[in-house]
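Novice: Here you go, target-v7.txt (compact mmCIF, C-alpha atoms and all ligand atoms):
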# COMPACT_ATOMS: atom_id res chain seq x y z
CA MET A 1085 53.95 -26.14 -31.11
CA THR A 1086 55.04 -26.29 -27.52
CA MET A 1087 58.33 -26.90 -25.87
CA ARG A 1088 59.21 -28.19 -22.39
CA LEU A 1089 62.53 -28.19 -20.57
CA ARG A 1090 63.88 -30.39 -17.79
CA GLU A 1091 67.24 -29.93 -16.10
CA PHE A 1092 69.30 -32.98 -15.21
CA ALA A 1093 72.67 -33.97 -13.76
CA VAL A 1094 74.39 -37.34 -13.94
CA ASP A 1095 77.62 -38.22 -12.16
CA LEU A 1096 80.47 -39.98 -13.87
CA GLU A 1097 81.46 -43.35 -12.47
CA THR A 1098 84.97 -41.97 -11.90
CA PRO A 1099 86.19 -38.43 -12.71
CA LEU A 1100 87.66 -38.27 -16.20
CA SER A 1101 90.77 -36.19 -16.74
CA THR A 1102 90.98 -34.56 -20.15
CA ALA A 1103 93.24 -31.98 -21.76
CA LYS A 1104 90.50 -29.44 -21.00
CA GLY A 1105 90.18 -30.32 -17.31
CA ASP A 1106 88.56 -32.95 -15.10
CA ILE A 1107 84.95 -33.96 -15.74
CA GLU A 1108 83.09 -35.22 -12.67
CA ARG A 1109 79.48 -34.91 -13.72
CA ARG A 1110 77.45 -34.02 -16.78
CA GLU A 1111 74.68 -31.46 -16.45
CA GLY A 1112 72.25 -30.38 -19.09
CA LEU A 1113 68.67 -29.95 -20.21
CA LEU A 1114 66.18 -32.24 -21.86
CA VAL A 1115 63.93 -30.60 -24.42
CA ALA A 1116 60.55 -31.97 -25.48
CA VAL A 1117 58.73 -30.53 -28.49
CA ASP A 1118 55.36 -31.35 -29.97
CA VAL A 1119 55.54 -31.43 -33.75
CA ALA A 1120 53.05 -33.01 -36.14
CA GLY A 1121 51.09 -34.49 -33.24
CA GLU A 1122 54.11 -36.31 -31.80
CA THR A 1123 56.39 -35.50 -28.89
CA GLY A 1124 60.09 -35.55 -29.71
CA VAL A 1125 62.90 -35.32 -27.20
CA GLY A 1126 66.38 -33.85 -27.41
CA GLU A 1127 69.29 -33.31 -25.04
CA ALA A 1128 71.63 -30.40 -24.45
CA THR A 1129 74.66 -31.44 -22.40
CA PRO A 1130 77.15 -28.60 -22.81
CA LEU A 1131 80.86 -29.32 -22.50
CA PRO A 1132 82.84 -26.10 -22.06
CA GLY A 1133 85.75 -26.02 -24.48
CA TRP A 1134 83.50 -27.67 -27.06
CA THR A 1135 80.17 -25.87 -26.64
CA GLU A 1136 78.60 -22.93 -24.80
CA SER A 1137 78.49 -23.03 -20.98
CA LEU A 1138 75.58 -24.61 -19.11
CA GLU A 1139 74.38 -21.13 -18.17
CA ASP A 1140 74.40 -19.88 -21.77
CA CYS A 1141 72.71 -23.07 -22.91
CA ARG A 1142 69.98 -22.65 -20.30
CA ASP A 1143 69.47 -19.00 -21.31
CA ALA A 1144 69.30 -19.85 -25.01
CA LEU A 1145 66.65 -22.52 -24.44
CA ALA A 1146 64.68 -20.42 -21.96
CA GLY A 1147 64.68 -17.62 -24.54
CA LEU A 1148 62.98 -19.93 -27.00
CA THR A 1149 60.20 -20.90 -24.65
CA GLU A 1150 59.52 -17.20 -24.08
CA GLY A 1151 59.63 -16.21 -27.76
CA ASP A 1152 62.19 -13.77 -29.09
CA ALA A 1153 62.38 -10.12 -30.04
CA GLU A 1154 62.18 -10.91 -33.77
CA GLY A 1155 58.60 -11.93 -33.20
CA ALA A 1156 59.04 -15.66 -33.69
CA ALA A 1157 56.23 -17.58 -32.06
CA ALA A 1158 57.06 -18.59 -28.51
CA GLY A 1159 58.39 -22.12 -28.45
CA ASP A 1160 58.65 -22.52 -32.21
CA PRO A 1161 61.54 -24.97 -32.35
CA LYS A 1162 61.63 -25.30 -36.12
CA SER A 1163 62.23 -21.60 -36.71
CA ALA A 1164 64.76 -21.57 -33.87
CA ILE A 1165 67.02 -24.04 -35.66
CA GLU A 1166 66.44 -22.53 -39.10
CA ASP A 1167 66.92 -18.83 -38.37
CA GLY A 1168 70.24 -19.03 -36.56
CA ALA A 1169 68.89 -17.93 -33.17
CA LEU A 1170 70.99 -20.69 -31.61
CA ALA A 1171 74.11 -20.11 -33.72
CA ASP A 1172 76.30 -19.46 -30.66
CA ALA A 1173 74.78 -22.25 -28.59
CA PRO A 1174 75.52 -25.58 -30.32
CA ALA A 1175 74.38 -27.73 -27.39
CA ALA A 1176 71.04 -25.88 -27.21
CA ARG A 1177 70.65 -26.13 -30.98
CA HIS A 1178 71.51 -29.83 -30.78
CA ALA A 1179 68.70 -30.44 -28.29
CA VAL A 1180 66.06 -28.64 -30.36
CA SER A 1181 67.21 -30.09 -33.68
CA LEU A 1182 67.26 -33.62 -32.25
CA ALA A 1183 63.83 -33.20 -30.66
CA VAL A 1184 62.30 -32.00 -33.93
CA ALA A 1185 63.96 -34.85 -35.86
CA ASP A 1186 62.73 -37.36 -33.25
CA ALA A 1187 59.14 -36.05 -33.48
CA ARG A 1188 59.17 -36.12 -37.29
CA ALA A 1189 60.53 -39.68 -37.35
CA ARG A 1190 57.88 -40.76 -34.84
CA ALA A 1191 55.20 -39.13 -36.98
CA ALA A 1192 56.53 -41.06 -39.99
CA GLY A 1193 56.55 -44.27 -37.93
CA ARG A 1194 60.26 -44.85 -38.58
CA PRO A 1195 63.45 -45.08 -36.55
CA LEU A 1196 65.32 -41.78 -36.72
CA ALA A 1197 68.16 -43.32 -38.76
CA ALA A 1198 65.64 -44.52 -41.37
CA SER A 1199 64.05 -41.08 -41.56
CA LEU A 1200 67.49 -39.56 -42.30
CA ALA A 1201 68.76 -42.08 -44.88
CA THR A 1202 67.19 -44.68 -47.14
CA ASP A 1203 69.38 -47.63 -46.17
CA PRO A 1204 70.83 -47.03 -42.70
CA HIS A 1205 73.02 -49.45 -40.79
CA THR A 1206 71.07 -51.61 -38.34
CA SER A 1207 74.06 -51.95 -36.02
CA LEU A 1208 77.44 -50.26 -35.77
CA PRO A 1209 80.90 -51.19 -34.53
CA VAL A 1210 82.17 -48.90 -31.77
CA ASN A 1211 85.66 -48.40 -30.39
CA ALA A 1212 86.78 -49.01 -26.83
CA THR A 1213 88.78 -46.14 -25.32
CA LEU A 1214 91.91 -46.91 -23.31
CA GLY A 1215 93.21 -44.12 -21.08
CA ASP A 1216 96.82 -43.18 -20.50
CA ASP A 1217 98.65 -45.82 -18.46
CA ASP A 1218 101.88 -47.80 -18.44
CA PRO A 1219 102.34 -50.53 -21.10
CA GLU A 1220 101.34 -53.41 -18.80
CA ALA A 1221 98.08 -51.78 -17.68
CA THR A 1222 97.32 -50.63 -21.24
CA VAL A 1223 97.78 -54.18 -22.53
CA GLU A 1224 95.53 -55.53 -19.78
CA ALA A 1225 92.78 -53.04 -20.68
CA ALA A 1226 93.20 -53.84 -24.38
CA GLU A 1227 92.89 -57.57 -23.78
CA THR A 1228 89.78 -57.07 -21.64
CA ALA A 1229 88.18 -54.96 -24.40
CA VAL A 1230 89.02 -57.48 -27.14
CA GLU A 1231 87.72 -60.36 -25.00
CA SER A 1232 84.42 -58.54 -24.63
CA GLY A 1233 84.15 -58.24 -28.43
CA TYR A 1234 85.67 -54.91 -29.45
CA ASP A 1235 87.72 -55.01 -32.64
CA CYS A 1236 88.69 -51.34 -32.56
CA LEU A 1237 90.67 -49.77 -29.72
CA LYS A 1238 91.44 -46.10 -29.23
CA LEU A 1239 94.48 -45.35 -27.07
CA LYS A 1240 94.90 -42.00 -25.42
CA VAL A 1241 98.44 -40.80 -26.11
CA GLY A 1242 100.27 -37.52 -25.61
CA ALA A 1243 100.56 -37.56 -21.82
CA ARG A 1244 104.09 -39.02 -21.98
CA ASP A 1245 107.02 -38.90 -24.34
CA PRO A 1246 106.13 -40.10 -27.87
CA THR A 1247 108.72 -42.89 -27.51
CA ASP A 1248 106.82 -44.22 -24.49
CA ASP A 1249 103.51 -44.00 -26.31
CA VAL A 1250 105.00 -45.98 -29.20
CA ALA A 1251 106.09 -48.63 -26.67
CA ARG A 1252 102.53 -48.81 -25.34
CA LEU A 1253 101.10 -49.19 -28.85
CA ARG A 1254 103.68 -51.80 -29.74
CA ALA A 1255 102.85 -53.83 -26.62
CA VAL A 1256 99.13 -53.62 -27.43
CA ARG A 1257 99.68 -54.60 -31.08
CA GLU A 1258 101.72 -57.62 -30.00
CA ALA A 1259 99.03 -58.62 -27.49
CA VAL A 1260 95.93 -58.25 -29.70
CA GLY A 1261 97.38 -59.29 -33.06
CA PRO A 1262 96.98 -57.75 -36.51
CA ASP A 1263 93.18 -57.92 -36.86
CA VAL A 1264 92.22 -55.37 -34.21
CA ALA A 1265 92.12 -51.77 -35.43
CA LEU A 1266 94.21 -49.41 -33.30
CA ARG A 1267 93.68 -45.67 -33.09
CA ALA A 1268 95.75 -43.14 -31.15
CA ASP A 1269 94.28 -39.86 -29.85
CA ALA A 1270 96.83 -37.23 -28.77
CA ASN A 1271 94.24 -34.55 -27.91
CA ALA A 1272 96.42 -31.80 -29.41
CA ALA A 1273 99.32 -32.53 -27.03
CA TRP A 1274 102.21 -32.52 -29.50
CA ASP A 1275 104.19 -30.21 -31.72
CA ARG A 1276 105.23 -31.10 -35.27
CA TRP A 1277 108.53 -32.54 -34.08
CA ALA A 1278 106.97 -34.88 -31.52
CA ALA A 1279 104.25 -35.98 -33.93
CA ASP A 1280 106.87 -36.65 -36.61
CA ARG A 1281 108.93 -38.78 -34.24
CA PHE A 1282 105.83 -40.71 -33.16
CA LEU A 1283 104.70 -41.42 -36.71
CA ASP A 1284 108.21 -42.35 -37.89
CA SER A 1285 108.46 -44.99 -35.16
CA VAL A 1286 104.92 -46.26 -35.60
CA GLU A 1287 105.50 -46.73 -39.31
CA GLU A 1288 108.99 -48.25 -38.94
CA LEU A 1289 107.57 -50.82 -36.53
CA GLY A 1290 104.60 -51.55 -38.80
CA LEU A 1291 102.08 -50.92 -36.02
CA ASP A 1292 99.42 -50.14 -38.63
CA LEU A 1293 97.35 -47.40 -36.98
CA ASP A 1294 93.79 -46.88 -38.23
CA TYR A 1295 94.52 -43.20 -37.63
CA LEU A 1296 96.30 -40.71 -35.40
CA GLU A 1297 93.76 -38.26 -33.98
CA GLN A 1298 94.54 -34.59 -33.37
CA PRO A 1299 98.31 -34.75 -32.82
CA LEU A 1300 98.70 -30.94 -33.00
CA PRO A 1301 96.90 -27.93 -31.51
CA ALA A 1302 93.43 -27.27 -32.88
CA ASP A 1303 94.27 -24.25 -35.03
CA GLU A 1304 97.29 -25.85 -36.74
CA LEU A 1305 95.59 -27.02 -39.91
CA ASP A 1306 98.74 -26.52 -42.00
CA GLY A 1307 100.78 -28.62 -39.58
CA HIS A 1308 98.29 -31.48 -39.86
CA ALA A 1309 98.36 -31.14 -43.66
CA VAL A 1310 102.16 -31.45 -43.59
CA LEU A 1311 101.97 -34.58 -41.40
CA ARG A 1312 99.57 -36.09 -43.92
CA ARG A 1313 102.01 -35.42 -46.74
CA LEU A 1314 105.02 -36.82 -44.87
CA HIS A 1315 103.44 -39.97 -43.43
CA ASP A 1316 101.27 -42.91 -44.48
CA THR A 1317 99.26 -42.99 -41.25
CA PRO A 1318 95.84 -41.34 -41.71
CA ILE A 1319 95.27 -38.18 -39.68
CA ALA A 1320 91.96 -37.41 -37.93
CA LEU A 1321 90.82 -34.02 -36.66
CA ASP A 1322 88.63 -33.63 -33.57
CA GLU A 1323 89.43 -30.54 -31.45
CA SER A 1324 90.08 -28.56 -34.66
CA LEU A 1325 86.40 -28.81 -35.59
CA SER A 1326 85.38 -26.81 -32.51
CA THR A 1327 87.98 -24.11 -33.24
CA VAL A 1328 87.95 -23.58 -37.00
CA ALA A 1329 85.07 -23.80 -39.46
CA PRO A 1330 84.82 -27.44 -40.61
CA GLU A 1331 84.85 -26.20 -44.22
CA ARG A 1332 88.33 -24.79 -43.59
CA ALA A 1333 89.52 -28.09 -42.21
CA LEU A 1334 88.33 -29.78 -45.41
CA ALA A 1335 89.77 -27.11 -47.68
CA SER A 1336 93.17 -27.34 -45.95
CA ASN A 1337 93.64 -31.03 -46.79
CA ALA A 1338 94.39 -31.42 -43.09
CA ALA A 1339 92.46 -34.64 -42.43
CA ASP A 1340 91.68 -38.13 -43.67
CA VAL A 1341 88.96 -38.46 -41.02
CA LEU A 1342 86.73 -35.92 -39.25
CA VAL A 1343 85.64 -36.81 -35.72
CA CYS A 1344 82.16 -35.33 -35.48
CA LYS A 1345 80.47 -34.64 -32.15
CA PRO A 1346 76.79 -33.85 -32.74
CA MET A 1347 76.65 -31.83 -29.48
CA ALA A 1348 79.59 -29.62 -30.51
CA LEU A 1349 78.48 -29.24 -34.13
CA GLY A 1350 74.94 -28.18 -33.23
CA GLY A 1351 72.80 -31.21 -34.02
CA PRO A 1352 72.27 -34.29 -36.16
CA ASP A 1353 71.45 -32.20 -39.23
CA ARG A 1354 74.79 -30.39 -38.92
CA VAL A 1355 76.65 -33.71 -38.75
CA ARG A 1356 74.90 -34.98 -41.85
CA ASP A 1357 75.63 -31.76 -43.77
CA LEU A 1358 79.29 -31.92 -42.83
CA ALA A 1359 79.51 -35.64 -43.62
CA ALA A 1360 78.16 -35.00 -47.12
CA ARG A 1361 80.79 -32.31 -47.74
CA ALA A 1362 83.49 -34.55 -46.28
CA ARG A 1363 82.45 -37.40 -48.56
CA ASP A 1364 82.77 -35.11 -51.58
CA ALA A 1365 86.32 -34.34 -50.43
CA GLY A 1366 87.17 -38.03 -49.88
CA VAL A 1367 87.25 -37.62 -46.11
CA ALA A 1368 85.67 -40.16 -43.74
CA VAL A 1369 83.54 -39.31 -40.70
CA VAL A 1370 83.54 -40.91 -37.27
CA VAL A 1371 80.74 -39.87 -34.89
CA THR A 1372 81.48 -39.56 -31.18
CA THR A 1373 79.61 -38.40 -28.10
CA THR A 1374 80.64 -35.70 -25.64
CA ILE A 1375 79.94 -38.14 -22.75
CA ASP A 1376 76.24 -37.50 -23.03
CA ALA A 1377 73.18 -38.99 -21.37
CA VAL A 1378 71.05 -41.59 -23.11
CA VAL A 1379 69.02 -39.24 -25.35
CA ALA A 1380 72.03 -37.61 -27.01
CA ARG A 1381 73.87 -40.94 -27.24
CA LEU A 1382 70.89 -42.40 -29.11
CA GLY A 1383 70.85 -39.34 -31.37
CA ALA A 1384 74.53 -39.86 -32.18
CA LEU A 1385 73.90 -43.57 -32.81
CA HIS A 1386 71.06 -42.87 -35.27
CA VAL A 1387 73.00 -40.19 -37.14
CA ALA A 1388 76.07 -42.45 -37.35
CA ALA A 1389 73.85 -45.28 -38.63
CA SER A 1390 72.52 -42.95 -41.34
CA LEU A 1391 76.02 -42.39 -42.77
CA PRO A 1392 77.78 -44.68 -45.27
CA GLY A 1393 81.03 -46.44 -44.37
CA ASP A 1394 81.89 -49.11 -41.86
CA ARG A 1395 84.41 -47.48 -39.52
CA ALA A 1396 83.87 -47.91 -35.79
CA HIS A 1397 82.33 -44.88 -34.09
CA GLY A 1398 83.12 -43.41 -30.68
CA LEU A 1399 79.74 -44.02 -29.06
CA ALA A 1400 80.62 -46.47 -26.27
CA THR A 1401 80.52 -43.93 -23.46
CA ALA A 1402 77.47 -45.04 -21.44
CA SER A 1403 79.67 -47.00 -19.03
CA LEU A 1404 81.41 -43.77 -17.98
CA LEU A 1405 78.19 -42.61 -16.29
CA ASP A 1406 77.19 -43.70 -12.80
CA ALA A 1407 73.48 -43.29 -13.59
CA ASP A 1408 71.38 -42.31 -16.57
CA LEU A 1409 68.06 -40.65 -17.41
CA ALA A 1410 66.39 -43.88 -18.54
CA ALA A 1411 67.21 -47.45 -19.45
CA ASP A 1412 69.53 -47.60 -22.48
CA PRO A 1413 67.85 -49.33 -25.44
CA ALA A 1414 71.21 -49.62 -27.26
CA PRO A 1415 73.80 -51.10 -24.91
CA VAL A 1416 77.17 -52.16 -26.31
CA ARG A 1417 77.29 -55.89 -27.00
CA GLU A 1418 80.30 -57.60 -28.57
CA GLY A 1419 81.77 -54.23 -29.53
CA ARG A 1420 78.66 -53.15 -31.42
CA MET A 1421 75.52 -51.10 -30.81
CA ARG A 1422 72.19 -52.07 -32.38
CA VAL A 1423 70.05 -49.21 -33.63
CA PRO A 1424 66.62 -49.31 -31.92
CA GLU A 1425 63.86 -50.28 -34.35
CA SER A 1426 60.98 -48.41 -32.77
CA PRO A 1427 59.96 -45.02 -34.19
CA GLY A 1428 62.14 -41.98 -33.50
CA LEU A 1429 65.07 -42.30 -31.13
CA GLY A 1430 63.64 -45.46 -29.59
CA ILE A 1431 63.02 -44.02 -26.13
CA ASP A 1432 59.78 -43.03 -24.37
CA ALA A 1433 59.84 -39.21 -24.54
CA ASP A 1434 56.97 -38.67 -22.13
CA ALA A 1435 58.50 -40.93 -19.49
CA LEU A 1436 61.57 -38.68 -19.40
CA PHE A 1437 59.39 -35.73 -18.38
CA ARG A 1438 57.18 -37.44 -15.85
MG MG B 1501 89.44 -36.97 -29.67
Written as structure tokens, how would this file's structure read?
Specialist:
Amino acid sequence: MTMRLREFAVDLETPLSTAKGDIERREGLLVAVDVAGETGVGEATPLPGWTESLEDCRDALAGLTEGDAEGAAAGDPKSAIEDGALADAPAARHAVSLAVADARARAAGRPLAASLATDPHTSLPVNATLGDDDPEATVEAAETAVESGYDCLKLKVGARDPTDDVARLRAVREAVGPDVALRADANAAWDRWAADRFLDSVEELGLDLDYLEQPLPADELDGHAVLRRLHDTPIALDESLSTVAPERALASNAADVLVCKPMALGGPDRVRDLAARARDAGVAVVVTTTIDAVVARLGALHVAASLPGDRAHGLATASLLDADLAADPAPVREGRMRVPESPGLGIDADALFR
């Protein structure tokens, strides 16, 4: 078994401001592994705040190609993901795990989604993300998204007073009508009081949110559990899953929905494990990217397609990038992404390393 690495950098179309700082470009490593006579490819695109740093990711992967002190064979990707060598480097683990899964699916002659589940979705609805802006601009962006076929919109909230965010949501609801699903993502910006006020107004006005994502700081599981008890609006956790063990989030009754980022959780296998435990607890899963390049986006698409349920996923992030590593075989059309039908991820692994 051999393993190859390739560094890459892709610029964003326009810098993206997030609660954890501005993102101007995405840098990472592609990993190719040869397993069962097939080459599989994976991607590590670290996002500090969610994963290890680029430097730590690079070191973790370089360590694998050199073999480790425990005597594991140099470049043995399967043992690397099984023995916990990459436990502190989720982006690195993601790349290796995805590459091994891609190679195995190729060897079996099946799309990755079909090698993970017996009856995967063939296409998935995805949400459009609307950044923070005044009500008029938010409505304009919402109408553009709905005209292009999206029936699920995620509004970024939390940058202004909750009353103003409610006004934005109300304007969007009035513009798009009752059949478009609306989500709000506060990125941990609020305290209990602000979140309470927001949810009271949203519910009084009948704005019918699909869910409110991460209203409170990541470690406040109890606060989220209280919001769930006090309000009808479903609560989703995102940032919390990179701060506390996902099992704790489930045990705390803090969420109706878990927002799962394969890059932050350590790979497609980790997402599937967590989704199974979530399902047992009656909690839904939405898969999102960490603004990744095409290989990791395809990985997220296949793993999302392998899960039951018909909620829209947060995979429509290709348009944020100014360039990509290869042509995208799963562009968003009419608010949906089709899962590639060719074996593995559906992308030419060797071409990425040429
Ligand atoms: Mg989020």
Novice: Nearest to ligand MG 1501 (chain B) among A:Glu1297, A:Glu1425, A:Asp1095, A:Glu1418, with distances taken over only C-alpha atoms and all ligand atoms: which residue is it?
Specialist: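 Nearest candidate to ligand MG 1501 (chain B) out of A:Glu1297, A:Glu1425, A:Asp1095, A:Glu1418: A:Glu1297.
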Novice: Could you pull out the residues sitting within 8 Å of ligand MG 1501 (chain B), using only C-alpha atoms and all ligand atoms, and write them as a PDB file with C-alpha atoms, in the coordinates of the input?
Specialist:
ATOM      1  CA  ASP A1269      94.280 -39.860 -29.850  1.00  0.00           C
ATOM      2  CA  ALA A1270      96.830 -37.230 -28.770  1.00  0.00           C
ATOM      3  CA  ASN A1271      94.240 -34.550 -27.910  1.00  0.00           C
ATOM      4  CA  GLU A1297      93.760 -38.260 -33.980  1.00  0.00           C
ATOM      5  CA  GLN A1298      94.540 -34.590 -33.370  1.00  0.00           C
ATOM      6  CA  LEU A1321      90.820 -34.020 -36.660  1.00  0.00           C
ATOM      7  CA  ASP A1322      88.630 -33.630 -33.570  1.00  0.00           C
ATOM      8  CA  GLU A1323      89.430 -30.540 -31.450  1.00  0.00           C
ATOM      9  CA  VAL A1343      85.640 -36.810 -35.720  1.00  0.00           C
TER      10      VAL A1343
END
Novice: Report the distance between atom CA of A:Arg1252 and atom CA of A:Ala1229 in Å, rounded to one decimal place.
Specialist: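 Rounded to one decimal, the two atoms are 15.6 Å apart.
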Novice: Would you mind reading off the distance between atom CA of A:Gly1233 and atom CA of A:Val1423, one decimal, in Å?
Specialist: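 Distance reported for this atom pair: 17.5 Å.
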Novice: Using only C-alpha atoms, which protein or nucleic acid residues come within 10 Å of A:Asp1245? Drop anything in the same chain fewer than 5 positions from it, and give the result as a list of chain:residue names.
Specialist: A:Val1250, A:Trp1274, A:Ala1278, A:Phe1282
Novice: Could you please take those selected residues and save C-alpha atoms as a tab-separated table (two decimals), in the coordinates of the input?
Specialist:
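To be explicit, this is the file written out as selection_17.tsv:
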chain	number	residue	atom	x	y	z
A	1250	VAL	CA	105.00	-45.98	-29.20
A	1274	TRP	CA	102.21	-32.52	-29.50
A	1278	ALA	CA	106.97	-34.88	-31.52
A	1282	PHE	CA	105.83	-40.71	-33.16
Novice: Identify the residues within 12 Å of coordinate (101.1, -53.2, -39.5) (same frame as the file), considering only C-alpha atoms, and give the answer as a list in words.
Specialist: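 The answer, in the requested form, is Leu1253, Arg1254, Arg1257, Glu1258, Gly1261, Pro1262, Asp1263, Val1264, Ala1265, Leu1266, Ser1285, Val1286, Glu1287, Glu1288, Leu1289, Gly1290, Leu1291, Asp1292, Leu1293, Asp1294, Asp1316 and Thr1317 of chain A.
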Novice: Taking into account only C-alpha atoms, which residue in the set A:Leu1334, A:Ala1402, A:Cys1141, A:Leu1409 is nearest to A:Asp1172?
Specialist: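 Under the stated criterion, the closest residue is A:Cys1141.
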Novice: What's the 10 Å shell around A:Ala1348, counting only C-alpha atoms, without same-chain residues fewer than 6 positions away, as a ChimeraX atom specification?
Specialist: /A:1129-1136,1173-1178,1323,1325-1326,1354-1355,1373-1374
Novice: Missing atoms in stretch 1232-1239 of chain A: fill them in up to all heavy atoms and send the result as a short mmCIF file (atom, residue, chain, number, x, y, z; two decimals), in the frame of the given file.
Specialist:
data_model
loop_
_atom_site.label_atom_id
_atom_site.label_comp_id
_atom_site.auth_asym_id
_atom_site.auth_seq_id
_atom_site.Cartn_x
_atom_site.Cartn_y
_atom_site.Cartn_z
N SER A 1232 85.85 -58.83 -24.69
CA SER A 1232 84.42 -58.54 -24.63
C SER A 1232 83.86 -58.22 -26.02
O SER A 1232 82.68 -57.90 -26.16
CB SER A 1232 84.13 -57.40 -23.64
OG SER A 1232 84.58 -56.18 -24.16
N GLY A 1233 84.67 -58.30 -27.06
CA GLY A 1233 84.15 -58.24 -28.43
C GLY A 1233 84.55 -57.03 -29.25
O GLY A 1233 84.19 -56.94 -30.42
N TYR A 1234 85.25 -56.08 -28.67
CA TYR A 1234 85.67 -54.91 -29.45
C TYR A 1234 86.74 -55.32 -30.47
O TYR A 1234 87.67 -56.05 -30.13
CB TYR A 1234 86.27 -53.84 -28.54
CG TYR A 1234 85.26 -53.09 -27.71
CD1 TYR A 1234 84.98 -53.48 -26.40
CD2 TYR A 1234 84.59 -51.97 -28.22
CE1 TYR A 1234 84.06 -52.79 -25.62
CE2 TYR A 1234 83.67 -51.29 -27.45
CZ TYR A 1234 83.41 -51.70 -26.16
OH TYR A 1234 82.51 -51.01 -25.40
N ASP A 1235 86.61 -54.81 -31.71
CA ASP A 1235 87.72 -55.01 -32.64
C ASP A 1235 88.32 -53.69 -33.10
O ASP A 1235 89.01 -53.62 -34.11
CB ASP A 1235 87.34 -55.92 -33.81
CG ASP A 1235 86.11 -55.45 -34.53
OD1 ASP A 1235 85.76 -54.28 -34.36
OD2 ASP A 1235 85.51 -56.26 -35.26
N CYS A 1236 88.04 -52.63 -32.34
CA CYS A 1236 88.69 -51.34 -32.56
C CYS A 1236 88.98 -50.70 -31.21
O CYS A 1236 88.08 -50.55 -30.39
CB CYS A 1236 87.79 -50.44 -33.41
SG CYS A 1236 88.54 -48.83 -33.78
N LEU A 1237 90.25 -50.37 -30.99
CA LEU A 1237 90.67 -49.77 -29.72
C LEU A 1237 91.25 -48.39 -29.98
O LEU A 1237 92.03 -48.21 -30.91
CB LEU A 1237 91.75 -50.63 -29.04
CG LEU A 1237 91.46 -52.12 -28.87
CD1 LEU A 1237 92.68 -52.82 -28.25
CD2 LEU A 1237 90.22 -52.33 -28.00
N LYS A 1238 90.85 -47.43 -29.15
CA LYS A 1238 91.44 -46.10 -29.23
C LYS A 1238 92.27 -45.85 -27.99
O LYS A 1238 91.75 -45.85 -26.88
CB LYS A 1238 90.36 -45.02 -29.37
CG LYS A 1238 90.95 -43.62 -29.49
CD LYS A 1238 89.91 -42.60 -29.86
CE LYS A 1238 89.36 -41.92 -28.61
NZ LYS A 1238 88.55 -40.73 -28.96
N LEU A 1239 93.58 -45.63 -28.19
CA LEU A 1239 94.48 -45.35 -27.07
C LEU A 1239 94.68 -43.86 -26.92
O LEU A 1239 94.98 -43.17 -27.90
CB LEU A 1239 95.86 -45.99 -27.30
CG LEU A 1239 96.05 -47.43 -26.84
CD1 LEU A 1239 95.33 -48.38 -27.78
CD2 LEU A 1239 97.53 -47.76 -26.78
#
